[in-house]
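Pasted below: protein35.cif, mmCIF, C-alpha atoms.
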```
data_start
#
loop_
_atom_site.label_atom_id
_atom_site.label_comp_id
_atom_site.auth_asym_id
_atom_site.auth_seq_id
_atom_site.Cartn_x
_atom_site.Cartn_y
_atom_site.Cartn_z
CA MET A 190 91.14 21.24 32.75
CA LYS A 191 87.49 22.26 33.32
CA SER A 192 88.53 25.89 33.04
CA ILE A 193 90.37 25.22 29.76
CA LEU A 194 87.37 23.36 28.33
CA ARG A 195 84.99 26.11 29.41
CA ASN A 196 87.12 28.95 28.05
CA ASN A 197 87.79 27.19 24.75
CA LEU A 198 84.43 25.49 24.21
CA PHE A 199 83.64 27.55 21.13
CA SER A 200 87.13 26.92 19.74
CA PHE A 201 86.64 23.17 20.11
CA ILE A 202 83.28 23.47 18.37
CA LEU A 203 85.00 25.31 15.51
CA LEU A 204 87.76 22.70 15.37
CA GLY A 205 85.19 19.91 15.26
CA ALA A 206 83.33 21.67 12.47
CA VAL A 207 86.52 22.08 10.42
CA ILE A 208 87.47 18.41 10.92
CA ILE A 209 84.00 17.29 9.85
CA GLY A 210 84.25 19.62 6.87
CA GLY A 211 87.65 18.19 5.90
CA ILE A 212 86.34 14.61 6.09
CA THR A 213 83.32 15.62 4.04
CA GLY A 214 85.60 17.17 1.43
CA VAL A 215 87.69 14.01 1.17
CA ILE A 216 84.57 11.84 0.78
CA LEU A 217 82.70 14.06 -1.67
CA GLY A 218 85.68 15.36 -3.62
CA PRO A 219 84.64 17.95 -6.25
CA ARG A 220 81.00 17.34 -5.31
CA ALA A 221 81.70 19.27 -2.09
CA LEU A 222 81.26 22.38 -4.24
CA VAL A 223 77.58 22.22 -3.31
CA LEU A 224 78.57 23.38 0.22
CA LYS A 225 80.49 26.40 -1.03
CA PRO A 226 77.59 28.90 -0.68
CA LEU A 227 77.34 28.13 3.06
CA GLY A 228 81.05 28.92 3.46
CA ASP A 229 80.87 31.97 1.21
CA LEU A 230 78.06 33.34 3.35
CA PHE A 231 80.32 33.32 6.42
CA LEU A 232 83.26 34.87 4.57
CA ASN A 233 81.06 37.51 3.01
CA LEU A 234 79.65 38.49 6.40
CA LEU A 235 83.20 38.98 7.72
CA PHE A 236 84.44 40.77 4.61
CA MET A 237 81.35 42.99 4.71
CA ILE A 238 82.51 44.64 7.94
CA ILE A 239 86.28 44.60 7.32
CA VAL A 240 86.41 48.13 5.89
CA PRO A 241 84.53 49.92 8.70
CA LEU A 242 86.10 47.71 11.37
CA VAL A 243 89.67 48.44 10.26
CA PHE A 244 89.07 52.14 9.74
CA PHE A 245 87.29 52.80 13.03
CA SER A 246 89.49 50.54 15.17
CA ILE A 247 92.76 52.11 13.99
CA SER A 248 91.55 55.72 13.93
CA SER A 249 89.88 55.29 17.34
CA ALA A 250 92.99 53.72 18.86
CA ILE A 251 95.23 56.54 17.66
CA ALA A 252 92.74 59.31 18.50
CA SER A 253 92.40 58.07 22.08
CA MET A 254 96.13 57.82 22.78
CA GLY A 255 97.50 60.04 25.50
CA GLY A 256 99.87 61.78 23.13
CA MET A 257 101.95 61.52 19.99
CA LYS A 258 104.89 60.28 22.03
CA ARG A 259 103.00 57.06 22.82
CA LEU A 260 101.89 56.69 19.20
CA GLY A 261 105.49 57.07 18.03
CA LYS A 262 106.67 54.45 20.52
CA ILE A 263 103.96 52.00 19.46
CA MET A 264 104.62 52.47 15.74
CA GLY A 265 108.38 52.18 16.25
CA SER A 266 107.92 48.97 18.25
CA ILE A 267 105.56 47.57 15.60
CA LEU A 268 108.11 48.25 12.89
CA LEU A 269 110.95 46.70 14.91
CA VAL A 270 109.06 43.51 15.83
CA PHE A 271 107.64 43.01 12.33
CA ILE A 272 111.06 43.40 10.70
CA ILE A 273 112.92 41.15 13.14
CA THR A 274 110.36 38.30 13.06
CA ALA A 275 110.10 38.46 9.26
CA LEU A 276 113.89 38.29 8.90
CA VAL A 277 114.03 35.35 11.34
CA ALA A 278 111.38 33.58 9.25
CA SER A 279 113.20 34.23 5.97
CA VAL A 280 116.56 32.96 7.25
CA PHE A 281 114.99 29.87 8.84
CA GLY A 282 112.95 29.19 5.70
CA LEU A 283 116.00 29.47 3.46
CA VAL A 284 118.00 27.00 5.57
CA VAL A 285 115.21 24.42 5.42
CA ALA A 286 114.62 24.95 1.68
CA LEU A 287 118.31 24.48 0.89
CA LEU A 288 118.43 21.29 2.95
CA MET A 289 115.26 19.72 1.50
CA ASN A 290 115.30 20.92 -2.17
CA PRO A 291 111.70 21.76 -3.15
CA THR A 292 112.13 21.01 -6.87
CA GLN A 293 112.72 17.30 -6.46
CA GLY A 294 110.00 15.05 -7.92
CA VAL A 295 107.73 17.67 -9.51
CA ASN A 296 105.16 16.26 -11.98
CA TYR A 297 104.28 19.10 -14.33
CA ALA A 298 101.80 17.17 -16.45
CA SER A 299 99.38 16.93 -13.55
CA LEU A 300 99.53 20.66 -12.87
CA GLN A 301 98.32 22.00 -16.20
CA SER A 302 94.75 22.48 -15.00
CA ILE A 303 95.88 24.53 -11.99
CA ILE A 304 98.18 26.65 -14.14
CA GLN A 305 95.30 27.33 -16.52
CA GLN A 306 93.09 28.40 -13.62
CA ASN A 307 95.64 31.08 -12.66
CA GLN A 308 96.06 32.41 -16.20
CA ASP A 309 93.50 35.23 -15.92
CA SER A 310 95.21 36.65 -12.83
CA VAL A 311 98.58 36.27 -14.53
CA ASP A 312 97.44 38.31 -17.53
CA LYS A 313 96.15 41.12 -15.30
CA VAL A 314 99.34 41.37 -13.27
CA LYS A 315 101.59 41.31 -16.35
CA GLN A 316 100.11 44.60 -17.49
CA LEU A 317 101.60 46.52 -14.54
CA GLY A 318 105.21 46.95 -13.43
CA VAL A 319 106.38 46.21 -9.91
CA LEU A 320 106.68 49.88 -8.86
CA GLU A 321 103.20 50.61 -10.11
CA GLN A 322 101.94 47.54 -8.26
CA LEU A 323 103.47 48.86 -5.05
CA VAL A 324 101.95 52.31 -5.57
CA ASN A 325 98.55 50.71 -6.13
CA THR A 326 99.03 48.63 -2.99
CA PHE A 327 99.47 51.63 -0.71
CA THR A 328 97.33 54.28 -2.44
CA VAL A 329 94.15 54.68 -4.46
CA SER A 330 93.13 57.40 -6.89
CA ASP A 331 89.64 57.97 -5.50
CA PHE A 332 87.97 57.88 -2.08
CA SER A 333 85.30 55.46 -3.30
CA LYS A 334 87.99 52.86 -3.98
CA LEU A 335 88.79 52.73 -0.27
CA LEU A 336 85.45 51.02 0.33
CA SER A 337 86.81 47.59 -0.58
CA LYS A 338 88.76 44.89 1.25
CA THR A 339 91.27 44.97 -1.62
CA ALA A 340 92.33 48.50 -0.56
CA ILE A 341 93.05 47.85 3.11
CA LEU A 342 96.51 49.43 3.14
CA PRO A 343 95.30 52.74 1.66
CA LEU A 344 92.42 52.59 4.15
CA ILE A 345 94.92 52.15 6.99
CA VAL A 346 96.83 55.20 5.77
CA LEU A 347 93.61 57.24 5.92
CA ALA A 348 92.73 55.80 9.35
CA VAL A 349 96.15 56.74 10.75
CA LEU A 350 95.82 60.28 9.37
CA THR A 351 92.30 60.58 10.78
CA GLY A 352 93.28 59.35 14.24
CA THR A 353 96.43 61.45 14.32
CA SER A 354 94.59 64.61 13.25
CA THR A 355 91.88 64.00 15.84
CA ALA A 356 94.48 63.65 18.58
CA LEU A 357 96.46 66.70 17.44
CA ILE A 358 93.54 69.14 17.65
CA GLY A 359 93.05 68.23 21.30
CA GLU A 360 89.76 69.06 23.02
CA ALA A 361 88.05 70.08 19.79
CA GLY A 362 88.53 66.55 18.49
CA GLN A 363 87.09 64.83 21.57
CA PRO A 364 83.58 64.41 20.11
CA VAL A 365 85.11 62.72 17.06
CA ALA A 366 87.24 60.45 19.27
CA THR A 367 84.15 59.46 21.26
CA PHE A 368 82.25 58.71 18.06
CA LEU A 369 85.10 56.58 16.68
CA ALA A 370 85.32 54.59 19.92
CA ALA A 371 81.54 53.97 19.99
CA VAL A 372 81.42 52.75 16.40
CA THR A 373 84.38 50.43 17.08
CA LYS A 374 82.42 48.78 19.90
CA VAL A 375 79.42 48.36 17.59
CA MET A 376 81.62 46.72 14.96
CA MET A 377 83.00 44.25 17.51
CA LYS A 378 79.46 43.35 18.61
CA ILE A 379 78.58 42.64 14.98
CA VAL A 380 81.57 40.30 14.82
CA GLN A 381 80.34 38.50 17.91
CA ILE A 382 76.94 37.96 16.29
CA ILE A 383 78.47 36.71 13.03
CA MET A 384 80.61 34.19 14.91
CA TYR A 385 77.51 32.29 15.99
CA TYR A 386 77.34 31.07 12.40
CA ALA A 387 81.07 30.26 12.25
CA PRO A 388 80.90 26.47 12.85
CA ILE A 389 78.59 25.96 9.86
CA GLY A 390 80.37 28.47 7.64
CA LEU A 391 83.91 27.30 8.37
CA GLY A 392 83.00 23.62 8.10
CA ALA A 393 81.32 24.11 4.72
CA TYR A 394 84.13 26.30 3.36
CA PHE A 395 86.84 23.86 4.42
CA ALA A 396 84.93 20.93 2.91
CA ASN A 397 84.92 22.72 -0.43
CA VAL A 398 88.64 23.60 -0.21
CA ILE A 399 89.65 20.01 0.55
CA GLY A 400 87.30 18.63 -2.09
CA GLU A 401 88.75 20.92 -4.74
CA LEU A 402 92.47 20.94 -3.90
CA GLY A 403 93.05 17.54 -2.32
CA PRO A 404 93.73 15.62 -5.56
CA GLN A 405 95.84 18.44 -6.98
CA ILE A 406 98.05 18.49 -3.89
CA LEU A 407 98.57 14.74 -4.20
CA GLN A 408 99.31 14.90 -7.94
CA GLY A 409 101.93 17.64 -7.95
CA TYR A 410 104.23 19.71 -5.77
CA LEU A 411 103.81 17.26 -2.91
CA ARG A 412 107.40 17.72 -1.78
CA THR A 413 107.03 21.50 -1.70
CA PHE A 414 103.86 21.15 0.34
CA ILE A 415 105.60 18.80 2.80
CA ILE A 416 108.54 21.20 3.18
CA TYR A 417 106.13 24.00 3.90
CA LEU A 418 104.32 21.90 6.50
CA VAL A 419 107.64 21.18 8.22
CA LEU A 420 108.41 24.90 8.31
CA SER A 421 104.92 25.70 9.56
CA VAL A 422 104.89 23.16 12.38
CA ILE A 423 108.32 24.19 13.69
CA TYR A 424 107.59 27.90 13.42
CA TYR A 425 104.06 27.68 14.83
CA PHE A 426 104.87 25.60 17.88
CA GLY A 427 108.54 26.47 18.37
CA PHE A 428 109.02 30.10 17.41
CA PHE A 429 105.59 31.31 18.55
CA THR A 430 106.23 29.74 21.96
CA LEU A 431 109.64 31.44 22.07
CA TYR A 432 108.12 34.81 21.17
CA ALA A 433 105.44 34.41 23.85
CA TYR A 434 108.13 33.55 26.42
CA ILE A 435 110.21 36.60 25.47
CA ALA A 436 107.08 38.74 25.76
CA ALA A 437 105.90 37.58 29.19
CA GLY A 438 107.72 34.47 30.40
CA LYS A 439 105.84 31.28 31.27
CA LYS A 440 102.62 33.19 31.89
CA GLY A 441 102.90 34.59 28.38
CA ILE A 442 103.17 31.09 26.92
CA ARG A 443 100.09 29.90 28.80
CA LEU A 444 98.08 32.97 27.86
CA PHE A 445 99.03 32.83 24.20
CA TRP A 446 98.22 29.16 23.71
CA SER A 447 94.99 29.44 25.65
CA HIS A 448 93.79 32.10 23.19
CA ALA A 449 95.45 30.97 19.93
CA LEU A 450 93.06 28.18 18.98
CA THR A 451 90.15 30.21 17.58
CA PRO A 452 92.38 32.54 15.48
CA SER A 453 94.30 29.50 14.20
CA ILE A 454 91.20 27.54 13.21
CA THR A 455 89.69 30.57 11.49
CA ALA A 456 92.93 31.17 9.57
CA ILE A 457 93.17 27.58 8.32
CA ALA A 458 89.53 27.40 7.32
CA THR A 459 89.24 30.79 5.58
CA CYS A 460 92.75 31.21 4.12
CA SER A 461 92.33 34.94 4.66
CA SER A 462 94.24 37.16 7.08
CA ALA A 463 91.66 39.88 6.47
CA ALA A 464 88.82 37.62 7.56
CA CYS A 465 90.77 36.86 10.75
CA ILE A 466 91.13 40.50 11.81
CA PRO A 467 87.96 40.57 13.97
CA ILE A 468 88.80 37.26 15.65
CA ASN A 469 92.41 38.31 16.27
CA LEU A 470 91.30 41.62 17.77
CA ALA A 471 89.15 39.82 20.32
CA ALA A 472 91.79 37.18 21.16
CA THR A 473 94.60 39.72 21.60
CA LYS A 474 92.51 41.92 23.87
CA SER A 475 91.65 38.85 25.95
CA ILE A 476 95.36 38.13 26.40
CA GLY A 477 95.76 41.56 27.98
CA VAL A 478 97.51 43.62 25.30
CA PRO A 479 96.39 47.27 25.70
CA GLU A 480 93.45 48.10 23.48
CA ASP A 481 95.03 51.05 21.69
CA MET A 482 97.92 48.80 20.64
CA VAL A 483 95.70 45.90 19.57
CA GLU A 484 93.56 48.01 17.29
CA THR A 485 96.67 49.29 15.52
CA ILE A 486 98.81 46.14 15.45
CA ILE A 487 96.29 43.59 14.18
CA PRO A 488 95.02 45.48 11.09
CA LEU A 489 98.55 46.60 10.21
CA GLY A 490 99.92 43.10 10.74
CA ALA A 491 97.27 41.51 8.54
CA ASN A 492 98.51 43.58 5.63
CA MET A 493 102.21 44.17 6.29
CA HIS A 494 103.49 41.31 8.46
CA LYS A 495 103.18 37.82 7.02
CA ASP A 496 105.81 35.31 8.12
CA GLY A 497 103.92 32.54 6.33
CA SER A 498 104.15 34.48 3.07
CA VAL A 499 107.88 34.99 3.72
CA PHE A 500 108.25 31.19 3.83
CA GLY A 501 106.24 31.01 0.62
CA GLY A 502 108.53 33.56 -1.02
CA ILE A 503 111.59 31.52 -0.03
CA LEU A 504 110.12 28.34 -1.52
CA LYS A 505 109.04 30.06 -4.73
CA ILE A 506 112.46 31.61 -5.31
CA THR A 507 114.41 28.44 -4.54
CA PHE A 508 111.90 26.47 -6.62
CA LEU A 509 112.53 28.63 -9.68
CA PHE A 510 116.29 28.67 -9.04
CA GLY A 511 116.28 24.88 -8.90
CA LEU A 512 114.25 24.54 -12.10
CA LEU A 513 116.40 27.01 -14.04
CA GLY A 514 119.72 25.83 -12.62
CA VAL A 515 120.63 29.09 -10.89
CA ASP A 516 123.59 28.79 -8.54
CA MET A 517 122.68 29.44 -4.90
CA SER A 518 126.10 28.93 -3.33
CA SER A 519 127.23 32.56 -3.04
CA MET A 520 126.50 34.64 0.04
CA SER A 521 125.20 37.56 -2.06
CA THR A 522 122.63 35.26 -3.70
CA LEU A 523 121.46 33.92 -0.35
CA LEU A 524 121.17 37.42 1.12
CA GLY A 525 119.23 38.47 -1.96
CA ILE A 526 116.77 35.60 -1.49
CA VAL A 527 116.25 36.61 2.15
CA GLY A 528 115.66 40.24 1.18
CA VAL A 529 113.22 39.52 -1.65
CA ALA A 530 111.27 37.05 0.51
CA PHE A 531 111.01 39.75 3.18
CA LEU A 532 109.47 42.13 0.62
CA VAL A 533 107.12 39.40 -0.62
CA GLY A 534 105.74 39.05 2.91
CA ALA A 535 105.06 42.80 3.03
CA VAL A 536 103.23 43.16 -0.29
CA MET A 537 101.15 39.96 -0.37
CA GLY A 538 97.40 40.54 -0.27
CA ALA A 539 95.48 39.70 2.91
CA ILE A 540 92.70 37.86 1.05
CA PRO A 541 92.50 34.32 -0.45
CA GLY A 542 94.74 34.13 -3.51
CA GLY A 543 96.36 37.48 -2.72
CA GLY A 544 99.88 36.38 -3.62
CA MET A 545 100.06 37.50 -7.23
CA ILE A 546 101.78 40.82 -6.46
CA GLY A 547 104.48 39.02 -4.46
CA GLU A 548 105.00 36.52 -7.26
CA MET A 549 105.32 39.28 -9.83
CA LEU A 550 107.86 40.98 -7.55
CA ILE A 551 109.98 37.80 -7.51
CA ILE A 552 109.90 37.51 -11.29
CA SER A 553 110.72 41.18 -11.87
CA VAL A 554 113.59 41.33 -9.37
CA TYR A 555 115.32 38.27 -10.81
CA GLY A 556 114.36 38.83 -14.45
CA PHE A 557 112.54 35.54 -14.89
CA PRO A 558 110.26 35.26 -17.94
CA PRO A 559 106.58 36.03 -17.20
CA GLU A 560 105.68 32.51 -18.35
CA VAL A 561 106.97 31.07 -15.06
CA LEU A 562 104.43 33.06 -13.05
CA PRO A 563 101.74 30.33 -13.20
CA ILE A 564 104.27 27.77 -11.96
CA ILE A 565 104.86 29.55 -8.67
CA ALA A 566 101.19 30.56 -8.50
CA VAL A 567 100.55 26.85 -7.95
CA ILE A 568 102.68 27.00 -4.81
CA SER A 569 100.47 29.79 -3.46
CA THR A 570 97.45 27.59 -4.04
CA ILE A 571 98.69 24.57 -2.12
CA ILE A 572 100.25 26.43 0.84
CA ASP A 573 97.43 28.92 1.31
CA ALA A 574 95.98 27.41 4.51
CA PRO A 575 99.21 26.93 6.54
CA ALA A 576 100.56 30.27 5.26
CA THR A 577 97.47 32.08 6.53
CA LEU A 578 97.85 30.29 9.85
CA LEU A 579 101.36 31.69 10.32
CA ASN A 580 100.45 35.11 8.89
CA SER A 581 97.41 35.64 11.04
CA THR A 582 98.19 33.95 14.36
CA GLY A 583 101.72 35.34 14.23
CA ASN A 584 100.29 38.82 14.63
CA VAL A 585 98.69 37.79 17.92
CA VAL A 586 102.01 36.74 19.46
CA CYS A 587 103.78 39.74 17.91
CA SER A 588 101.31 42.02 19.69
CA MET A 589 102.60 40.56 22.96
CA LEU A 590 106.19 41.37 21.98
CA ILE A 591 105.17 44.92 21.08
CA ALA A 592 103.38 45.31 24.42
CA ARG A 593 106.62 44.23 26.15
CA LEU A 594 108.58 46.92 24.29
CA VAL A 595 106.06 49.70 24.88
CA GLU A 596 104.81 48.94 28.41
CA GLY A 597 107.89 47.24 29.88
CA LYS A 598 108.50 43.75 31.19
CA ASP A 599 105.60 43.99 33.69
CA TRP A 600 102.98 44.77 31.02
CA LEU A 601 101.07 41.53 31.64
CA ALA A 602 100.92 42.08 35.41
CA LYS A 603 99.55 45.58 34.78
CA ALA A 604 96.92 44.18 32.43
CA ILE A 605 95.84 41.54 34.94
#
```
For the file at hand, write its structure as structure tokens.
Amino acid sequence: MKSILRNNLFSFILLGAVIIGGITGVILGPRALVLKPLGDLFLNLLFMIIVPLVFFSISSAIASMGGMKRLGKIMGSILLVFIITALVASVFGLVVALLMNPTQGVNYASLQSIIQQNQDSVDKVKQLGVLEQLVNTFTVSDFSKLLSKTAILPLIVLAVLTGTSTALIGEAGQPVATFLAAVTKVMMKIVQIIMYYAPIGLGAYFANVIGELGPQILQGYLRTFIIYLVLSVIYYFGFFTLYAYIAAGKKGIRLFWSHALTPSITAIATCSSAACIPINLAATKSIGVPEDMVETIIPLGANMHKDGSVFGGILKITFLFGLLGVDMSSMSTLLGIVGVAFLVGAVMGAIPGGGMIGEMLIISVYGFPPEVLPIIAVISTIIDAPATLLNSTGNVVCSMLIARLVEGKDWLAKAI
């Protein structure tokens, strides 16, 4: 017990800060907005280093790999684990949504203010088609546009090409590989320094979130929020434990849960998978996953593997189907819902409020009128915190599964 307390002291401090922030938000209500700058400062510090951290960590990890054979095995394992876990999440989410019916008891009158708040984003997304949205998600038209947290996937593409090219040229690329590795260590030290401010920043940010959204959650979509919480609790404690056991048996379970607290608290408080990348990198390395895997899996997972967003996609689709009276009894319809939700999880943004592309994908695939976009945008608002929890912390346990596939069943013993 003393060892657990000592190893997780900072996590408990963070948890205490978030709880105090939540209580403050409930007491102050909208007046908690005064604390927002303190929370924004913490988020901005993390977002400020996301671009160099992601680029250098991925390119360094790939450049330092022993050969392209290992890189291919890691990337293949990442793809396999991400697809399987996302499909498991979509099927499980659909079963729960069909059983609990998310459209029951919705009060639309109380949601007009939230819908209005989303209108600007709706108008921007309407101007682009789904294919163009996907192109813009994975590519940019100018190098300068890579220097933004909104272009993480294009940045990852460049990082993979940089690391791969460095590794392919062999000895001539060694100075570049050494430089990339050194800068990665500097970035991680910066993260460590920023985390000293985390208790204040997370507490203040969470106070503002609760103060702003608490009444809206109570006034509308309460049933949808409860369904999502049920999904989240079962998946977080049940499926994550199962994945950890598959990865490394009972030792895997103990290791995962002893390192999951800080990433989980950060995810809930920031509602941003991107902001969690530095924390997840440190936690996953502490578990014992090889460093070259960690620095590839975590940034990729933050942008392409989001089981929480898959659940959100399921609820949004079944919500609209229920409102519009669409029949969901046929197998083809159910398989379609699973497939679209899977795509939603892949294209959702890794920043707060990054779900608009996924929502537009749902509307375009099923031919819903654009006017329903604000209705499901509300769902994104109220499930943001638990969705980020599943999105972000899920990548930590998935890294253990990937290590099992790449290194073999004794990967944890080798790490120890």
**OP:** Please identify all polymer residues lying at most 10 Å from the point (113.3, 34.4, -7.4) (file coordinates), using only C-alpha atoms, and present the result as an MDAnalysis selection string.
**Re:** chainID A and resid 502:510 515 525:526 529:530 548:557 565
For C-alpha atoms, I'd like the residues from the last selection saved as a PDB file, in the coordinates of the input.
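Resulting contents of result14.pdb:
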```pdb
ATOM      1  CA  GLY A 502     108.530  33.560  -1.020  1.00  0.00           C
ATOM      2  CA  ILE A 503     111.590  31.520  -0.030  1.00  0.00           C
ATOM      3  CA  LEU A 504     110.120  28.340  -1.520  1.00  0.00           C
ATOM      4  CA  LYS A 505     109.040  30.060  -4.730  1.00  0.00           C
ATOM      5  CA  ILE A 506     112.460  31.610  -5.310  1.00  0.00           C
ATOM      6  CA  THR A 507     114.410  28.440  -4.540  1.00  0.00           C
ATOM      7  CA  PHE A 508     111.900  26.470  -6.620  1.00  0.00           C
ATOM      8  CA  LEU A 509     112.530  28.630  -9.680  1.00  0.00           C
ATOM      9  CA  PHE A 510     116.290  28.670  -9.040  1.00  0.00           C
ATOM     10  CA  VAL A 515     120.630  29.090 -10.890  1.00  0.00           C
ATOM     11  CA  GLY A 525     119.230  38.470  -1.960  1.00  0.00           C
ATOM     12  CA  ILE A 526     116.770  35.600  -1.490  1.00  0.00           C
ATOM     13  CA  VAL A 529     113.220  39.520  -1.650  1.00  0.00           C
ATOM     14  CA  ALA A 530     111.270  37.050   0.510  1.00  0.00           C
ATOM     15  CA  GLU A 548     105.000  36.520  -7.260  1.00  0.00           C
ATOM     16  CA  MET A 549     105.320  39.280  -9.830  1.00  0.00           C
ATOM     17  CA  LEU A 550     107.860  40.980  -7.550  1.00  0.00           C
ATOM     18  CA  ILE A 551     109.980  37.800  -7.510  1.00  0.00           C
ATOM     19  CA  ILE A 552     109.900  37.510 -11.290  1.00  0.00           C
ATOM     20  CA  SER A 553     110.720  41.180 -11.870  1.00  0.00           C
ATOM     21  CA  VAL A 554     113.590  41.330  -9.370  1.00  0.00           C
ATOM     22  CA  TYR A 555     115.320  38.270 -10.810  1.00  0.00           C
ATOM     23  CA  GLY A 556     114.360  38.830 -14.450  1.00  0.00           C
ATOM     24  CA  PHE A 557     112.540  35.540 -14.890  1.00  0.00           C
ATOM     25  CA  ILE A 565     104.860  29.550  -8.670  1.00  0.00           C
TER      26      ILE A 565
END
```
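Restricting the calculation to all atoms listed in the file, the smallest distance between Lys598 (chain A) and any of A:Val223, A:Ile435, A:Leu470, A:Ala371 is found for A:Ile435.
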Original post:
Once the PyMOL selection byres ((chain A and resi 534) around 9) has been applied to the shown file, what residues remain in the selection, as a ChimeraX atom specification?
Top reply: /A:275,492-502,529-533,535-537,547,580
**OP:** Go through A:Gly511, A:Met384, A:Thr582, A:Phe428 and flag the residue nearest Val277 (chain A), using all atoms listed in the file for the distances.
**Re:** A:Phe428
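Counting only C-alpha atoms and comparing A:Ser462, A:Ser588, A:Thr351, A:Gln363, the residue that lies closest to Val478 (chain A) is A:Ser588.
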Subject >> Using only C-alpha atoms: which of A:Gly400, A:Gly218, A:Val240, A:Thr522 has the shortest distance to Ser337 (chain A) >> reply: A:Val240
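For Gly362 (chain A), the non-local neighbours within 12 Å, defined as residues at least 3 positions apart in the same chain or in other chains and counting only C-alpha atoms, are A:Ser249, A:Ala252, A:Ser253, A:Thr351, A:Gly352, A:Thr353, A:Ser354, A:Thr355, A:Ala356, A:Leu357, A:Ile358, A:Gly359, A:Val365, A:Ala366, A:Thr367, A:Phe368, A:Leu369.
CA of Leu342 (chain A) sits 23.5 Å away from CA of Asp229 (chain A).
Taking CA of Ile341 (chain A) as the reference point, CA of Ser461 (chain A) is found at 13.0 Å.
Take the candidates A:Met520, A:Leu512, A:Leu198, A:Ala387 and check each one against Thr455 (chain A) using only C-alpha atoms; the shortest distance goes to A:Ala387.
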Original post:
Which is closer to Thr570 (chain A) than all the others in A:Ala449, A:Ile399, A:Ala340, A:Leu204, using all atoms listed in the file?
Top reply: A:Ile399
**OP:** Given the file shown, determine the residues that the PyMOL selection byres ((chain A and resi 247) around 8) selects; report them as an MDAnalysis selection string.
**Re:** chainID A and resid 243:246 248:251 345 348:349 352 484:485 488
Return the padded bounding box of region 494-501 of chain A as JSON: axis-aligned, built from all atoms listed in the file, 5 Å added on each side, with centre and edge lengths in Å to one decimal.
```
{"center_x": 105.7, "center_y": 36.2, "center_z": 4.5, "size_x": 15.1, "size_y": 20.3, "size_z": 17.8}
```
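The two atoms in question, CA of Ile605 (chain A) and CA of Tyr432 (chain A), are spaced 19.6 Å apart.
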Which residues, written as a tab-separated table (two decimals) with C-alpha atoms, in the frame of the given file, have at least one atom at most 10 Å from Thr413 (chain A), with all atoms listed in the file counted and residues fewer than 5 positions away on the same chain left out?
```tsv
chain	number	residue	atom	x	y	z
A	286	ALA	CA	114.62	24.95	1.68
A	289	MET	CA	115.26	19.72	1.50
A	290	ASN	CA	115.30	20.92	-2.17
A	291	PRO	CA	111.70	21.76	-3.15
A	292	THR	CA	112.13	21.01	-6.87
A	293	GLN	CA	112.72	17.30	-6.46
A	294	GLY	CA	110.00	15.05	-7.92
A	295	VAL	CA	107.73	17.67	-9.51
A	406	ILE	CA	98.05	18.49	-3.89
A	418	LEU	CA	104.32	21.90	6.50
A	419	VAL	CA	107.64	21.18	8.22
A	501	GLY	CA	106.24	31.01	0.62
A	504	LEU	CA	110.12	28.34	-1.52
A	505	LYS	CA	109.04	30.06	-4.73
A	508	PHE	CA	111.90	26.47	-6.62
A	568	ILE	CA	102.68	27.00	-4.81
A	571	ILE	CA	98.69	24.57	-2.12
A	572	ILE	CA	100.25	26.43	0.84
```
**OP:** Quick one: apply the PyMOL selection byres ((chain A and resi 270) around 12) to the file and drop the selected residues here as a ChimeraX atom specification.
**Re:** /A:263-269,271-277,432,435-436,486,490,493-494,496,583-584,586-595
Can I get the selection written as a JSON list (two decimals), keeping the file's coordinate frame, with C-alpha atoms?
```json
[["chain", "number", "residue", "atom", "x", "y", "z"],
["A", 263, "ILE", "CA", 103.96, 52.00, 19.46],
["A", 264, "MET", "CA", 104.62, 52.47, 15.74],
["A", 265, "GLY", "CA", 108.38, 52.18, 16.25],
["A", 266, "SER", "CA", 107.92, 48.97, 18.25],
["A", 267, "ILE", "CA", 105.56, 47.57, 15.60],
["A", 268, "LEU", "CA", 108.11, 48.25, 12.89],
["A", 269, "LEU", "CA", 110.95, 46.70, 14.91],
["A", 271, "PHE", "CA", 107.64, 43.01, 12.33],
["A", 272, "ILE", "CA", 111.06, 43.40, 10.70],
["A", 273, "ILE", "CA", 112.92, 41.15, 13.14],
["A", 274, "THR", "CA", 110.36, 38.30, 13.06],
["A", 275, "ALA", "CA", 110.10, 38.46, 9.26],
["A", 276, "LEU", "CA", 113.89, 38.29, 8.90],
["A", 277, "VAL", "CA", 114.03, 35.35, 11.34],
["A", 432, "TYR", "CA", 108.12, 34.81, 21.17],
["A", 435, "ILE", "CA", 110.21, 36.60, 25.47],
["A", 436, "ALA", "CA", 107.08, 38.74, 25.76],
["A", 486, "ILE", "CA", 98.81, 46.14, 15.45],
["A", 490, "GLY", "CA", 99.92, 43.10, 10.74],
["A", 493, "MET", "CA", 102.21, 44.17, 6.29],
["A", 494, "HIS", "CA", 103.49, 41.31, 8.46],
["A", 496, "ASP", "CA", 105.81, 35.31, 8.12],
["A", 583, "GLY", "CA", 101.72, 35.34, 14.23],
["A", 584, "ASN", "CA", 100.29, 38.82, 14.63],
["A", 586, "VAL", "CA", 102.01, 36.74, 19.46],
["A", 587, "CYS", "CA", 103.78, 39.74, 17.91],
["A", 588, "SER", "CA", 101.31, 42.02, 19.69],
["A", 589, "MET", "CA", 102.60, 40.56, 22.96],
["A", 590, "LEU", "CA", 106.19, 41.37, 21.98],
["A", 591, "ILE", "CA", 105.17, 44.92, 21.08],
["A", 592, "ALA", "CA", 103.38, 45.31, 24.42],
["A", 593, "ARG", "CA", 106.62, 44.23, 26.15],
["A", 594, "LEU", "CA", 108.58, 46.92, 24.29],
["A", 595, "VAL", "CA", 106.06, 49.70, 24.88]]
```
